[in-house]
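To start, the structure itself, in structure tokens.
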Amino acid sequence: MTDSVILFVFFVLGGSMLAQWTAWRFRLPAIVLLFSLGLLYGPVLQVMHPSEMIGSAFHPMVSLAVALIVFEGGLALDFRQLKEAGEGVLRLTLVALPINFLLGSLAAHFIGNMGWGPAFLFGSIVVVTGPTVVLPLLRHAKLKPRIAAFLRWEAILNDPVGAILATLVLEVLLMRPGEGSGTVFAAIVPHMLASAALMIGFGIGTAWCVRWLCVRDLLPDVMKLPLFITLALMLYVMGTLSMDGAGLIASTVFGMGLANLRIPGMGELQRMKEALVVLIVSVLFVLLAADLQRHELTSISWAIAGLTLAVLFLVRPLGIWLATIGSSLSWAERFFVGWIAPRGIVAAAVAGIAGVRLQDAGYPGAGLVMPAVFAVIASTMILHGFSLIPLGRKLHLTLSNQPALAIVGASNWSSQLAQIVHAVGTPVLLVDSSARDLANAQKAGVPVLCTEVLSEEGAESLEERPADYLIAATPDAIYNGLVCAHLAPHFGHQRVYQVSPGIARLDQYRGLSREARGKLLGQPGWNFTLLETLVAQGWRFVAKDITEENKDRLLQENSDFLIFLIIQKGASITVVSLEEDASTPFWAGLVAIGLMPPLPSHAESQDGTSSS
């Protein structure tokens with residue numbers, strides 16, 4: 001085993017996964033940690049230089065990985081999102097892009113001291129907001145669907161468009177002497193339009209062929225993901241042979257086609273490819289940052305620093321403000337989108353190739369393009385990565401700032417539970433397909449959702465609500481398990497619970513498979529029938545403040561207080577479960593929610609109990 005392989009496995013793979021876990025555990029932007037890790041490996045410690053280690057295959061490998069990333073991004077573009085966000089998406093992709101191109105070019109010339117040629121190339125590169133940065137940030141930001149759709153569509157659609165724009169600018173700048181505007185309009189532009197149209201057609205046509213195979217059961221499930229990845233890469237290569245940037249269009253359109261043609265079995269495959277893309281993005285960011293040279297960092301001058309500030313605080317905000325005049329976007333949405341625009345891998349890759357070609361052609365100031373683009377990428381990653389969630393909360397563009405609970409199934413006992421959770425100030429959502437069953441909770445002010453949670457509409461509606469934990473509480477144990485298994489990838493397998501299906505069904509070998517159900521709510525004997533019977537007999541849900549005086553008594557095995565939830569207001573929710581690996585927190589200052597039989601009012605007040 002060579003040293004380069006050892007370096008790759010331990011430093012790149014191991015380091016990137018550790019950075020991803022650290023970001024998840026401490027709620028940090030993963031992209032910033034990955035980028036910093038790459039800088040540490042490359043320019044700082046100089047333990048690796050990927051382009052030298054891998055050789056001439058490095059940039060083609062990066063390009064293929066980017067193709068998979070934009071393909072995965074295309075799978076996230078559902079046309080149904082355009083019903084609400086369509087106007088904003090069109091303005092961000094069709095109107096804002098040319099404005100940002102013009103403003104960025106002017107800033108590069110007058111502030112960055114670049115010649116007009118390099119300035120226009122810089123302006124064409126920084127119009128893109130990479131999905132490699134935006135999509136990971138959106139997964140953790142919990143933004144409202146409309147504003148999230150703006151950023152998602154802009155990042156994915158502008159990537160290939162920006163790459164083609166940079167190619168057009170480069171081709172014009174590299175025209176031979178004697179070639180004028182006639183060459184541009186008679187040859188270059190028609191070729192680009194034809195290539196883009198051809199790749200759009202190939203992407204849609206390939207998606208239709210895949211659907212034809214799937215609906216006729218002519219493609220086994222085990223082959224779907226490998227085939228999709230292969231086709232996305234083949235389309236990218238075909239498009240790139242036709243024109244730089246066209247391959248990204250083909251891969252993106254192919255992903256959009258698969259997402260909107262309703263191909264059977266795509267839900268499970270999407271979760272698998274998301275995991276694959278997390279690995280690809282992690283490795284790419286470390287490698288690209290490690291490939292930077294020290295002299296590229298030291299060449300960042302005051303002019304480039306001023307240009308970076310202009311892009312951050314003038315070019316992008318002004319471009320978005322001009323593009324959204326007269327639109328339905330609120331001032332908060334316009335301000336937020338004007339600030340959040342992190343650049344990523346595509347900008348770095350295009351700058352690395354185009355800047356060198358322009359420099360070889362003898363353009364003065366062309367050597368400034370790469371360090372200037374790098375400065376924009378680094379600053380936007382750090383500033384936008386750390387400010388996205390706080391700014392979204394400040395502008396009230398996030399769904400919720402505290403953990404929330406979703407309860408599926410509106411029965412007497414689950415409605416009471418939802419009301420108590422709501423009464424203590426913790427966000428809760430009660431979900432059922434029957435409006436009549438939801439009526440009592442709705443009258444009590446509990447947020448409700450009337451939908452079939454296993455339908456596409458129900459899953460989308462649930463994603464729009466601020467829920468972090470789920471309890472399936474219907475009378476049907478099999479349905480509860482199906483809900484938990486279906487929504488576990490969204491909530492996390494450790495955050496989906498269900499009412500006990502009965503002690504007999506919990507046998508590890510003969511009972512319901514753990515993969516096909518959620519964790520138990522409470523004890524194995526607390527099945528739906530028992531809980532409904534207790535409520536019918538007068539038991540009711542109460543919330544008790546845990547104190548030093550009552551905590552030991554509440555934990556006694558013979559206590560008549562059946563604890564379901566432990567809540568730290570505004571900070572955490574713990575669903576009590578016998579199958580929980582970690583110990584249940586139980587200290588003074590928390591609130592315990594559970595069932596208890598009727599007690600005299602004076603006993604309740606002594607325990608600090610508030611009843612429904």
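All residue names refer to the structure tokens as shown: chains lettered A, B, ... in order, residues numbered from 1 in each chain, ligands numbered from 1 in order.
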
Checklist entry - In stretch 374-422 of chain A, what's alpha helix (DSSP H) per DSSP? Answer as JSON, numbers by chain? => result {"A": [374, 375, 376, 377, 378, 379, 380, 381, 382, 383, 384, 385, 386, 387, 388, 389, 390, 391, 392, 393, 394, 412, 413, 414, 415, 416, 417, 418, 419, 420, 421, 422]}

Next on the checklist: For stretch 305-314 of chain A, find every residue with an atom within 12 Å (counting only C-alpha atoms), except residues of its own chain fewer than 4 positions away, and show them as a ChimeraX atom specification.
Outcome noted: /A:100-114,119,122-123,125-127,297-301,318-322,335,337-343,368-369,371-384

Find the spatial neighbours of stretch 281-293 of chain A, counting only C-alpha atoms, within a cut-off of 9 Å - ignore same-chain residues fewer than 5 positions away - and output them as a CSV table (one decimal) with N, CA and C atoms, in the first residue's frame.
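The file below, selection08.csv, is the result:
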chain,number,residue,atom,x,y,z
A,12,VAL,N,-7.9,12.2,4.5
A,12,VAL,CA,-9.0,12.7,3.8
A,12,VAL,C,-10.3,12.1,4.2
A,13,LEU,N,-10.4,10.8,4.1
A,13,LEU,CA,-11.7,10.1,4.4
A,13,LEU,C,-11.9,10.2,5.9
A,15,GLY,N,-10.6,12.2,8.2
A,15,GLY,CA,-10.7,13.6,8.7
A,15,GLY,C,-12.0,14.2,8.3
A,16,SER,N,-12.5,13.9,7.0
A,16,SER,CA,-13.7,14.5,6.6
A,16,SER,C,-14.9,14.0,7.3
A,17,MET,N,-14.9,12.7,7.6
A,17,MET,CA,-16.0,12.1,8.4
A,17,MET,C,-16.1,12.6,9.8
A,19,ALA,N,-15.0,15.6,10.7
A,19,ALA,CA,-15.5,17.0,10.6
A,19,ALA,C,-17.0,17.0,10.4
A,20,GLN,N,-17.5,16.1,9.6
A,20,GLN,CA,-19.0,16.0,9.4
A,20,GLN,C,-19.7,15.7,10.8
A,30,ALA,N,-20.7,22.3,8.4
A,30,ALA,CA,-19.8,21.3,8.0
A,30,ALA,C,-18.8,21.8,7.0
A,31,ILE,N,-19.3,22.6,6.1
A,31,ILE,CA,-18.5,23.1,4.9
A,31,ILE,C,-17.3,23.8,5.5
A,34,LEU,N,-14.7,21.4,6.9
A,34,LEU,CA,-14.0,20.7,5.8
A,34,LEU,C,-13.0,21.5,5.1
A,35,PHE,N,-13.4,22.8,4.8
A,35,PHE,CA,-12.5,23.7,4.1
A,35,PHE,C,-11.3,24.0,5.0
A,36,SER,N,-11.5,24.2,6.3
A,36,SER,CA,-10.4,24.5,7.2
A,36,SER,C,-9.5,23.3,7.3
A,37,LEU,N,-10.0,22.1,7.3
A,37,LEU,CA,-9.2,20.8,7.3
A,37,LEU,C,-8.3,20.7,6.1
A,38,GLY,N,-8.9,21.0,4.9
A,38,GLY,CA,-8.1,21.0,3.7
A,38,GLY,C,-7.0,22.0,3.7
A,39,LEU,N,-7.2,23.2,4.2
A,39,LEU,CA,-6.2,24.2,4.3
A,39,LEU,C,-5.1,23.8,5.3
A,40,LEU,N,-5.5,23.1,6.3
A,40,LEU,CA,-4.5,22.6,7.3
A,40,LEU,C,-3.6,21.5,6.6
A,41,TYR,N,-4.2,20.6,5.9
A,41,TYR,CA,-3.4,19.6,5.2
A,41,TYR,C,-2.5,20.1,4.1
A,42,GLY,N,-3.0,21.1,3.4
A,42,GLY,CA,-2.3,21.6,2.2
A,42,GLY,C,-1.4,22.8,2.5
A,43,PRO,N,-1.9,24.0,2.4
A,43,PRO,CA,-1.0,25.2,2.5
A,43,PRO,C,-0.3,25.3,3.9
A,44,VAL,N,-0.9,24.9,4.9
A,44,VAL,CA,-0.4,25.1,6.3
A,44,VAL,C,0.7,24.0,6.6
A,46,GLN,N,1.4,21.2,4.6
A,46,GLN,CA,1.9,20.7,3.4
A,46,GLN,C,2.2,19.2,3.4
A,47,VAL,N,1.3,18.5,4.0
A,47,VAL,CA,1.4,17.0,4.0
A,47,VAL,C,0.8,16.4,2.8
A,48,MET,N,0.1,17.1,2.0
A,48,MET,CA,-0.5,16.6,0.7
A,48,MET,C,-0.7,17.7,-0.3
A,49,HIS,N,-0.6,17.3,-1.5
A,49,HIS,CA,-0.9,18.2,-2.6
A,49,HIS,C,-1.6,17.4,-3.7
A,50,PRO,N,-3.0,17.3,-3.6
A,50,PRO,CA,-3.7,16.3,-4.4
A,50,PRO,C,-3.4,16.2,-5.9
A,51,SER,N,-3.3,17.4,-6.5
A,51,SER,CA,-3.0,17.4,-8.0
A,51,SER,C,-1.7,16.7,-8.3
A,52,GLU,N,-0.7,16.8,-7.4
A,52,GLU,CA,0.6,16.2,-7.7
A,52,GLU,C,0.5,14.7,-7.3
A,62,VAL,N,-12.5,15.4,-10.2
A,62,VAL,CA,-13.3,16.5,-9.6
A,62,VAL,C,-14.5,16.8,-10.4
A,65,ALA,N,-17.2,14.2,-10.0
A,65,ALA,CA,-17.8,14.3,-8.7
A,65,ALA,C,-18.8,15.4,-8.7
A,66,VAL,N,-18.4,16.6,-9.3
A,66,VAL,CA,-19.3,17.7,-9.4
A,66,VAL,C,-20.6,17.3,-10.1
A,69,ILE,N,-22.9,15.6,-7.9
A,69,ILE,CA,-23.5,16.6,-6.9
A,69,ILE,C,-24.7,17.3,-7.5
A,132,THR,N,-23.0,22.5,-3.6
A,132,THR,CA,-22.2,21.8,-2.6
A,132,THR,C,-22.1,22.5,-1.3
A,133,VAL,N,-22.4,23.8,-1.3
A,133,VAL,CA,-22.4,24.5,0.0
A,133,VAL,C,-23.8,24.8,0.5
A,276,LEU,N,-24.3,9.1,-0.2
A,276,LEU,CA,-23.2,9.0,-1.1
A,276,LEU,C,-22.6,10.4,-1.4
A,298,THR,N,-0.8,34.0,-0.3
A,298,THR,CA,0.0,35.2,0.0
A,298,THR,C,-0.2,36.3,-1.1
A,344,GLY,N,-18.9,27.7,-4.1
A,344,GLY,CA,-18.4,26.3,-3.8
A,344,GLY,C,-17.5,25.8,-4.9
A,345,ILE,N,-17.6,24.5,-5.1
A,345,ILE,CA,-16.7,23.7,-5.9
A,345,ILE,C,-16.6,24.2,-7.4
A,348,ALA,N,-14.6,27.2,-7.8
A,348,ALA,CA,-13.2,27.0,-7.7
A,348,ALA,C,-12.6,26.2,-8.9
A,349,ALA,N,-13.4,25.3,-9.4
A,349,ALA,CA,-12.9,24.5,-10.6
A,349,ALA,C,-12.8,25.3,-11.8

Item to check | Who sits within 12 Å of A:Thr93, only C-alpha atoms, same chain under 4 positions skipped, as a list in words | outcome: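 Once the nearby chain positions are removed, what remains is Gly86, Glu87, Gly88, Val89, Leu97, Pro98, Ile99, Asn100, Phe101, Val127, Val128, Thr129, Phe150, Leu151, Arg152, Trp153, Glu154, Ala155, Ile156, Leu157, Asn158, Asp159, Pro160, Val161, Gly162, Gly319, Ile320, Ala323 and Thr324 of chain A.
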
Checklist entry - Quick one: residues within 8 Å of A:Cys484, only C-alpha atoms counted, chain neighbours fewer than 4 positions away excluded, as a ChimeraX atom specification? => result /A:470,472,480,488,496-498,516-518

Item to check | Residue with smallest distance to A:Gln402 - pool A:Ala467, A:Leu520, A:Leu235, A:Ala473, counting only C-alpha atoms | outcome: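 Ranking A:Ala467, A:Leu520, A:Leu235, A:Ala473 by distance to A:Gln402, first place goes to A:Ala467.
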
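Atom CA of A:Thr529 lies 7.7 Å from atom CA of A:Pro475.
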
Next on the checklist: Here is a test: counting only C-alpha atoms, which residue of A:Leu7, A:Leu429, A:Met596, A:Val535 is nearest to A:Ala404?
Outcome noted: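 Nearest candidate to A:Ala404 out of A:Leu7, A:Leu429, A:Met596, A:Val535: A:Leu429.
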
Next on the checklist: With only C-alpha atoms as the counted atoms, please give the residues lying no more than 9 Å from A:Ser461, apart from itself and same-chain residues fewer than 6 positions off, as an NGL selection string.
Outcome noted: :A and (449 or 451 or 453)

Export, as a short mmCIF file (atom, residue, chain, number, x, y, z; two decimals), in the first residue's frame, the selected residues with all heavy atoms.
data_model
loop_
_atom_site.label_atom_id
_atom_site.label_comp_id
_atom_site.auth_asym_id
_atom_site.auth_seq_id
_atom_site.Cartn_x
_atom_site.Cartn_y
_atom_site.Cartn_z
N LEU A 449 -52.72 18.87 11.91
CA LEU A 449 -52.51 18.65 10.48
C LEU A 449 -53.40 17.50 10.05
O LEU A 449 -53.23 16.36 10.50
CB LEU A 449 -51.04 18.32 10.19
CG LEU A 449 -50.69 17.98 8.73
CD1 LEU A 449 -50.99 19.15 7.81
CD2 LEU A 449 -49.22 17.58 8.62
N THR A 451 -54.17 15.10 7.45
CA THR A 451 -53.61 14.50 6.23
C THR A 451 -53.28 13.05 6.49
O THR A 451 -53.19 12.62 7.65
CB THR A 451 -52.35 15.26 5.78
OG1 THR A 451 -51.92 14.76 4.52
CG2 THR A 451 -51.23 15.07 6.78
N VAL A 453 -50.41 10.78 6.61
CA VAL A 453 -49.00 11.07 6.76
C VAL A 453 -48.13 10.23 5.83
O VAL A 453 -46.99 10.59 5.51
CB VAL A 453 -48.57 10.88 8.23
CG1 VAL A 453 -48.45 9.41 8.58
CG2 VAL A 453 -47.27 11.60 8.51
#

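The two atoms in question, atom CA of A:Ser327 and atom CA of A:Ala148, are spaced 17.1 Å apart.
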
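You can rank A:Cys214, A:Ala67, A:Ile546, A:Leu530 by their closest distance to A:Thr240 using only C-alpha atoms, and at the top of that list sits A:Ala67.
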
Checklist entry - atom CA of A:Leu405 and atom CA of A:Leu430, how far apart in Å? => result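 According to the coordinates, atom CA of A:Leu430 and atom CA of A:Leu405 are separated by 8.6 Å.
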